[in-house]
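Read the structure below first, then the notes.
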Amino acid sequence: MLELAFVRGHLDLVRQKMRERGLADDLLNDFEALDRDRRKFLLEAETLKARRNQVSEQIAALKKQGRDAAALIAEMRQVGDRIAELDRQAKDYDERLRQVLERIPNLPHESVPVGKSAADNREVRRWGEPRPFDFEPKAHWDLGPALGLLDFERATKIAGARFAVYRGVGARMERALANFMLDIHTREHGYTEILPPFIVNSASLYGTGQLPKFASDLFKLEGTDYWLIPTAEVPVTNLYREEVVEAEQLPMKFCAWTACFRSEAGSYGKETRGIIRQHQFQKVELVKYALPEKSYEELESLTRDAEVILQRLNLPYRVVVLCTADLGFGSAKTYDLEVWLPSSREYKEISSCSNLEAFQARRANLRFRRGGKGKTEFLHTLNGSGLAVGRTWLAIVENYQQADGSVVIPEALRPYLDGLARIEPGPPPA
């Protein structure tokens with residue numbers, strides 16, 4: 001959430017940044033109108049309070065002289081009632097202003113390219129070359145069932161559309177990938193592993209910006225204040241909510257494997273096929289708390305940490321910086337890692353690495369103190385997938401498929417699968 005005083009004092013700048021995001025002026029027009037009316041209430045209240053103070057002295061003087069002050073006292077009762085009403089209205093407008101602020105997205109960083117759609121995202125670099133196939137590569141939703149790795153029909157029976165059952169080696173590979181990612185991030189990149197609750201309260205979702213704006217994308221447990229997490233970003237970012245940490249502790253680096261649950265309201269098209277976009281999926285998340293002056297250095301290193309996973313698995317990918325129109329609600333700058341999928345002959349997002357600056361910290365009241373004393377400041381939060389496990393799984397299956405229908409296991413992953421080097425076609429599962 002942006003700071004009220006900042007929006008009030010830099011309305012033209014905020015309006016320009018919102019237009020760069022492709023947003024209309026409605027929210028800021030509402031903010032300006034509410035703020036203008038609120039100022040009128042406050043000005044009238046201050047004028048009446050000054051009048052009351054002045055008349056109170058007159059009343060005291062009249063009483064001291066033994067003269068009648070009843071008329072002035074009656075007048076001041078009316079003034080007091082009006083002041084109380086103005087204060088109530090000002091508080092009501094404060095709440096309405098807060099609700100408008102909740103809906104204003106973060107300001108794009110100056111380095112973010114201005115664009116009108118995802119087509120204006122800018123490629124930063126590529127790693128690896130897509131493998132040439134001497135046969136027509138299959139999609140993972142065909143390969144997985146054929147190899148007995150995925151079962152969509154039974155998943156639909158027990159849950160519904162856009163779920164999957166992983167079977168046998170398919171399930172083991174999902175688990176192996178999560179362990180592989182966590183080991184690299186904790187042993188080599190210096191992250192502390194967290195196993196958080198998969199259920200959070202509304203305050204946590206408010207802190208990271210999912211509530212109230214994105215409630216329709218979430219799963220709520222009926223009759224409770226509990227929600228299934230859409231990503232480990234939510235519980236991990238909220239670990240220190242309403243707390244003050246010392247500057248010497250920063251950066252704080254966490255990684256977490258969790259299941260993620262998203263209703264994906266409004267998502268249609270080809271991405272609903274297979275395991276690219278599901279209601280439940282697994283992900284290893286990277287989260288950082290950083291000093292404001294260091295947060296963009298931390299964004300670069302977080303992005304590189306996520307890239308290492310793809311490099312170790314020898315999966316071709318590219319890095320793109322999102323343009324203003326494609327930025328997430330809370331992000332000031334985002335890099336997407338996109339892995340190559342041979343079946344569709346395109347790069348597909350497998351990680352988004354973002355600097356939220358103080359946007360989440362202000363909502364969650366996440367602060368730090370320099371030198372153990374003095375004024376506290378809002379820290380900066382960053383997060384990124386390191387990586388989405390299911391999308392890494394399908395990228396391996398598609399990129400490492402062979403003409404005979406088998407799938408080669410990347411060398412880096414084999415120790416996590418007891419040395420298994422290849423998934424061979426076999427009889428279909430019962």
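Ligands are numbered from 1 in the order shown, chains are lettered A, B, ... in the order of the structure tokens, and residues start at 1 in each chain.
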
- Task: Would you return as an MDAnalysis selection string the members of segment 159-407 of chain A that DSSP assigns to alpha helix (DSSP H) on this structure's backbone?
- Result: chainID A and resid 169:187 202:208 233:237 295:312 359:364 389:399

Determine, counting only C-alpha atoms, which protein, DNA and RNA residues have an atom within 10 Å of an atom of Gly274 of chain A; residues of the same chain fewer than 3 positions away are not included. Present the result as an mmCIF file with C-alpha atoms, in the first residue's frame.
data_model
loop_
_atom_site.group_PDB
_atom_site.id
_atom_site.type_symbol
_atom_site.label_atom_id
_atom_site.label_comp_id
_atom_site.auth_asym_id
_atom_site.auth_seq_id
_atom_site.Cartn_x
_atom_site.Cartn_y
_atom_site.Cartn_z
ATOM 1 C CA ALA A 139 3.031 -32.197 -24.933
ATOM 2 C CA HIS A 140 3.385 -33.239 -21.306
ATOM 3 C CA TRP A 141 -0.343 -33.948 -21.069
ATOM 4 C CA ASP A 142 0.158 -36.722 -23.605
ATOM 5 C CA GLY A 144 2.586 -38.024 -18.697
ATOM 6 C CA LEU A 150 -0.009 -38.474 -14.608
ATOM 7 C CA PHE A 152 -6.077 -36.668 -15.077
ATOM 8 C CA ARG A 162 -7.721 -28.760 -13.293
ATOM 9 C CA PHE A 163 -6.294 -31.219 -10.815
ATOM 10 C CA ALA A 164 -3.793 -34.009 -11.416
ATOM 11 C CA LYS A 270 -5.014 -23.700 -23.629
ATOM 12 C CA GLU A 271 -3.292 -23.115 -20.266
ATOM 13 C CA ARG A 277 -2.341 -23.798 -14.566
ATOM 14 C CA GLN A 278 -4.079 -25.799 -11.852
ATOM 15 C CA LEU A 394 6.663 -30.687 -17.250
#

Test item: residues at most 9 Å from Glu298 of chain A, only C-alpha atoms, excluding those fewer than 4 positions along its chain, as JSON, numbers by chain
{"A": [251, 288, 290, 294, 302, 303, 355, 382]}

Writing out the chosen residues with N, CA and C atoms as a CSV table (one decimal), in the first residue's frame:
chain,number,residue,atom,x,y,z
A,251,PRO,N,20.1,-8.5,4.8
A,251,PRO,CA,18.9,-9.1,4.4
A,251,PRO,C,18.6,-10.4,5.1
A,288,LYS,N,12.7,-12.5,0.6
A,288,LYS,CA,13.7,-11.7,1.3
A,288,LYS,C,13.1,-10.5,2.0
A,290,ALA,N,14.7,-6.8,3.0
A,290,ALA,CA,16.0,-6.1,2.7
A,290,ALA,C,15.9,-4.7,3.1
A,294,LYS,N,19.3,-1.4,-0.6
A,294,LYS,CA,19.9,-2.6,-1.1
A,294,LYS,C,18.9,-3.5,-1.9
A,302,LEU,N,18.4,-12.6,-6.2
A,302,LEU,CA,17.3,-13.5,-6.0
A,302,LEU,C,17.0,-14.1,-7.4
A,303,THR,N,16.9,-13.3,-8.4
A,303,THR,CA,16.7,-13.8,-9.8
A,303,THR,C,17.7,-14.8,-10.2
A,355,ASN,N,10.4,-7.2,-6.7
A,355,ASN,CA,10.7,-6.3,-5.6
A,355,ASN,C,9.4,-5.5,-5.3
A,382,LEU,N,10.9,-8.9,-1.0
A,382,LEU,CA,11.0,-9.4,-2.3
A,382,LEU,C,10.6,-10.9,-2.3

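Between Arg318 of chain A and the residues A:Met76, A:Leu97, A:Leu299, A:Leu341, the shortest atom-to-atom distance, using only C-alpha atoms, involves A:Leu341.
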
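The neighbours of segment 83-85 of chain A here are the residues that come within 10 Å of it, using only C-alpha atoms and leaving out any residue fewer than 4 positions away in the same chain; they are Phe41, Leu42, Glu44, Ala45, Glu46, Thr47, Leu48, Lys49, Arg52, Arg77, Gln78, Val79, Gln89, Ala90 and Lys91 of chain A.
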
Practice item. Mind checking which residues fall within 12 Å of Ser111 of chain A, counting only C-alpha atoms, ignoring those fewer than 4 positions away in the same chain, and posting them as a PyMOL selection string? Key: chain A and resi 107+122+296+321-324+332-335

Output for the residues just chosen: C-alpha atoms as an mmCIF file, in the first residue's frame:
data_model
loop_
_atom_site.group_PDB
_atom_site.id
_atom_site.type_symbol
_atom_site.label_atom_id
_atom_site.label_comp_id
_atom_site.auth_asym_id
_atom_site.auth_seq_id
_atom_site.Cartn_x
_atom_site.Cartn_y
_atom_site.Cartn_z
ATOM 1 C CA LEU A 107 4.383 2.494 -8.471
ATOM 2 C CA ARG A 122 11.650 -6.676 -22.617
ATOM 3 C CA TYR A 296 17.396 -3.816 -6.085
ATOM 4 C CA VAL A 321 11.571 -7.645 -17.364
ATOM 5 C CA LEU A 322 7.849 -6.953 -17.210
ATOM 6 C CA CYS A 323 6.590 -3.674 -18.600
ATOM 7 C CA THR A 324 4.385 -1.325 -16.602
ATOM 8 C CA ALA A 332 7.610 -2.231 -8.364
ATOM 9 C CA LYS A 333 9.741 -4.369 -10.689
ATOM 10 C CA THR A 334 9.498 -7.981 -11.838
ATOM 11 C CA TYR A 335 11.690 -10.355 -13.805
#

With a distance cut-off of 9 Å and only C-alpha atoms, select the neighbouring residues of Ser343 of chain A, excluding the residue or stretch itself and same-chain residues fewer than 5 positions from it, and output the selection as a list in words.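 So, after excluding close chain neighbours, the residues are Glu136, Pro137, Lys138, Ala139, His140, Glu398 and Asn399 of chain A.
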
With N, CA and C atoms retained, export the selected residues as a compact mmCIF listing (two decimals), in the first residue's frame.
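Saved to result.txt:
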# COMPACT_ATOMS: atom_id res chain seq x y z
N GLU A 136 8.38 -35.14 -33.97
CA GLU A 136 7.45 -34.14 -33.46
C GLU A 136 7.31 -34.30 -31.94
N PRO A 137 7.79 -33.35 -31.14
CA PRO A 137 7.71 -33.50 -29.68
C PRO A 137 6.28 -33.43 -29.19
N LYS A 138 6.00 -34.25 -28.17
CA LYS A 138 4.65 -34.31 -27.60
C LYS A 138 4.53 -33.36 -26.41
N ALA A 139 3.31 -33.01 -26.12
CA ALA A 139 3.03 -32.20 -24.93
C ALA A 139 3.04 -33.08 -23.70
N HIS A 140 3.30 -32.46 -22.55
CA HIS A 140 3.39 -33.24 -21.31
C HIS A 140 2.06 -33.91 -20.96
N GLU A 398 9.05 -32.63 -21.25
CA GLU A 398 8.98 -32.23 -22.66
C GLU A 398 10.37 -32.07 -23.29
N ASN A 399 11.30 -31.46 -22.58
CA ASN A 399 12.61 -31.20 -23.17
C ASN A 399 13.49 -32.45 -23.24

**Asked** Can you list, as a VMD selection string, every protein, DNA or RNA residue that comes within 12 Å of Met252 of chain A when you count only C-alpha atoms, leaving out same-chain residues fewer than 5 positions away?
**Response** chain A and resid 190 to 193 236 to 237 239 to 240 245 to 247 286 to 291 295 298 302 368 379 to 383

Write a file of the just-selected residues containing C-alpha atoms, as an mmCIF file, in the first residue's frame.
data_model
loop_
_atom_site.group_PDB
_atom_site.id
_atom_site.type_symbol
_atom_site.label_atom_id
_atom_site.label_comp_id
_atom_site.auth_asym_id
_atom_site.auth_seq_id
_atom_site.Cartn_x
_atom_site.Cartn_y
_atom_site.Cartn_z
ATOM 1 C CA GLY A 190 22.154 -19.028 2.094
ATOM 2 C CA TYR A 191 18.381 -19.212 2.520
ATOM 3 C CA THR A 192 16.787 -20.471 5.733
ATOM 4 C CA GLU A 193 14.199 -23.166 5.047
ATOM 5 C CA VAL A 236 6.657 -16.362 4.966
ATOM 6 C CA THR A 237 6.336 -12.615 4.338
ATOM 7 C CA LEU A 239 6.496 -14.180 9.715
ATOM 8 C CA TYR A 240 7.539 -10.829 11.179
ATOM 9 C CA VAL A 245 13.929 -6.146 13.198
ATOM 10 C CA GLU A 246 17.409 -4.696 13.444
ATOM 11 C CA ALA A 247 19.134 -3.385 10.319
ATOM 12 C CA LEU A 286 12.137 -17.442 -2.144
ATOM 13 C CA VAL A 287 11.397 -14.481 0.150
ATOM 14 C CA LYS A 288 13.707 -11.683 1.268
ATOM 15 C CA TYR A 289 13.500 -8.820 3.754
ATOM 16 C CA ALA A 290 15.963 -6.114 2.653
ATOM 17 C CA LEU A 291 17.232 -2.647 3.422
ATOM 18 C CA SER A 295 16.628 -4.078 -2.366
ATOM 19 C CA GLU A 298 18.788 -8.248 -3.736
ATOM 20 C CA LEU A 302 17.275 -13.519 -6.043
ATOM 21 C CA PHE A 368 13.484 -2.201 10.902
ATOM 22 C CA LEU A 379 11.809 -2.540 5.101
ATOM 23 C CA HIS A 380 11.525 -3.839 1.536
ATOM 24 C CA THR A 381 10.151 -7.289 0.696
ATOM 25 C CA LEU A 382 11.038 -9.411 -2.324
ATOM 26 C CA ASN A 383 9.850 -12.782 -3.523
#

Query raised in the report: Interatomic distance between atom CA of Ala232 of chain A and atom CA of Arg363 of chain A?
Result: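 Here the two named atoms are 17.4 Å from each other.
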
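Atom CA of Leu313 of chain A to atom CA of Trp393 of chain A spans 10.6 Å [interatomic distance, one decimal].
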
Based on the backbone DSSP call, show me all residues of segment 131-288 of chain A assigned strand (DSSP E), as a short mmCIF file (atom, residue, chain, number, x, y, z; two decimals) with C-alpha atoms, in the first residue's frame.
data_model
loop_
_atom_site.label_atom_id
_atom_site.label_comp_id
_atom_site.auth_asym_id
_atom_site.auth_seq_id
_atom_site.Cartn_x
_atom_site.Cartn_y
_atom_site.Cartn_z
CA LEU A 150 -0.01 -38.47 -14.61
CA ASP A 151 -3.66 -39.42 -14.18
CA VAL A 165 -2.72 -37.24 -9.76
CA TYR A 166 1.02 -37.92 -10.02
CA THR A 192 16.79 -20.47 5.73
CA GLU A 193 14.20 -23.17 5.05
CA ILE A 194 10.71 -22.60 6.42
CA ILE A 199 -3.68 -22.08 5.88
CA VAL A 200 -3.55 -18.39 6.85
CA ASN A 201 -5.85 -15.76 8.28
CA TYR A 226 -8.98 -19.21 7.27
CA TRP A 227 -7.83 -19.29 3.65
CA LEU A 228 -5.72 -21.77 1.68
CA VAL A 244 10.66 -4.50 14.26
CA VAL A 245 13.93 -6.15 13.20
CA GLU A 246 17.41 -4.70 13.44
CA MET A 252 16.82 -12.02 5.81
CA LYS A 253 16.47 -14.82 3.25
CA PHE A 254 13.88 -17.61 3.45
CA CYS A 255 12.82 -20.45 1.18
CA ALA A 256 9.77 -22.66 1.57
CA TRP A 257 8.17 -25.58 -0.22
CA THR A 258 4.38 -25.59 -0.04
CA ALA A 259 1.31 -26.61 -1.91
CA CYS A 260 -0.43 -23.58 -3.46
CA PHE A 261 -4.15 -23.19 -4.05
CA GLN A 280 -3.42 -26.98 -6.65
CA PHE A 281 0.30 -27.07 -7.39
CA GLN A 282 3.62 -27.19 -5.54
CA LYS A 283 6.22 -24.46 -5.48
CA VAL A 284 9.49 -23.55 -3.80
CA GLU A 285 9.31 -19.88 -2.89
CA LEU A 286 12.14 -17.44 -2.14
CA VAL A 287 11.40 -14.48 0.15
CA LYS A 288 13.71 -11.68 1.27
#

What does the distance between atom CA of Asn314 of chain A and atom CA of Ile396 of chain A come to in Å, to one decimal place?
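Taking atom CA of Asn314 of chain A as the start and atom CA of Ile396 of chain A as the end point, the length is 9.1 Å.
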
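Nearest-residue note for Asp37 of chain A: choosing from A:Met1, A:Leu86, A:Ala50, A:Leu356, the minimum distance belongs to A:Leu86, counting only C-alpha atoms.
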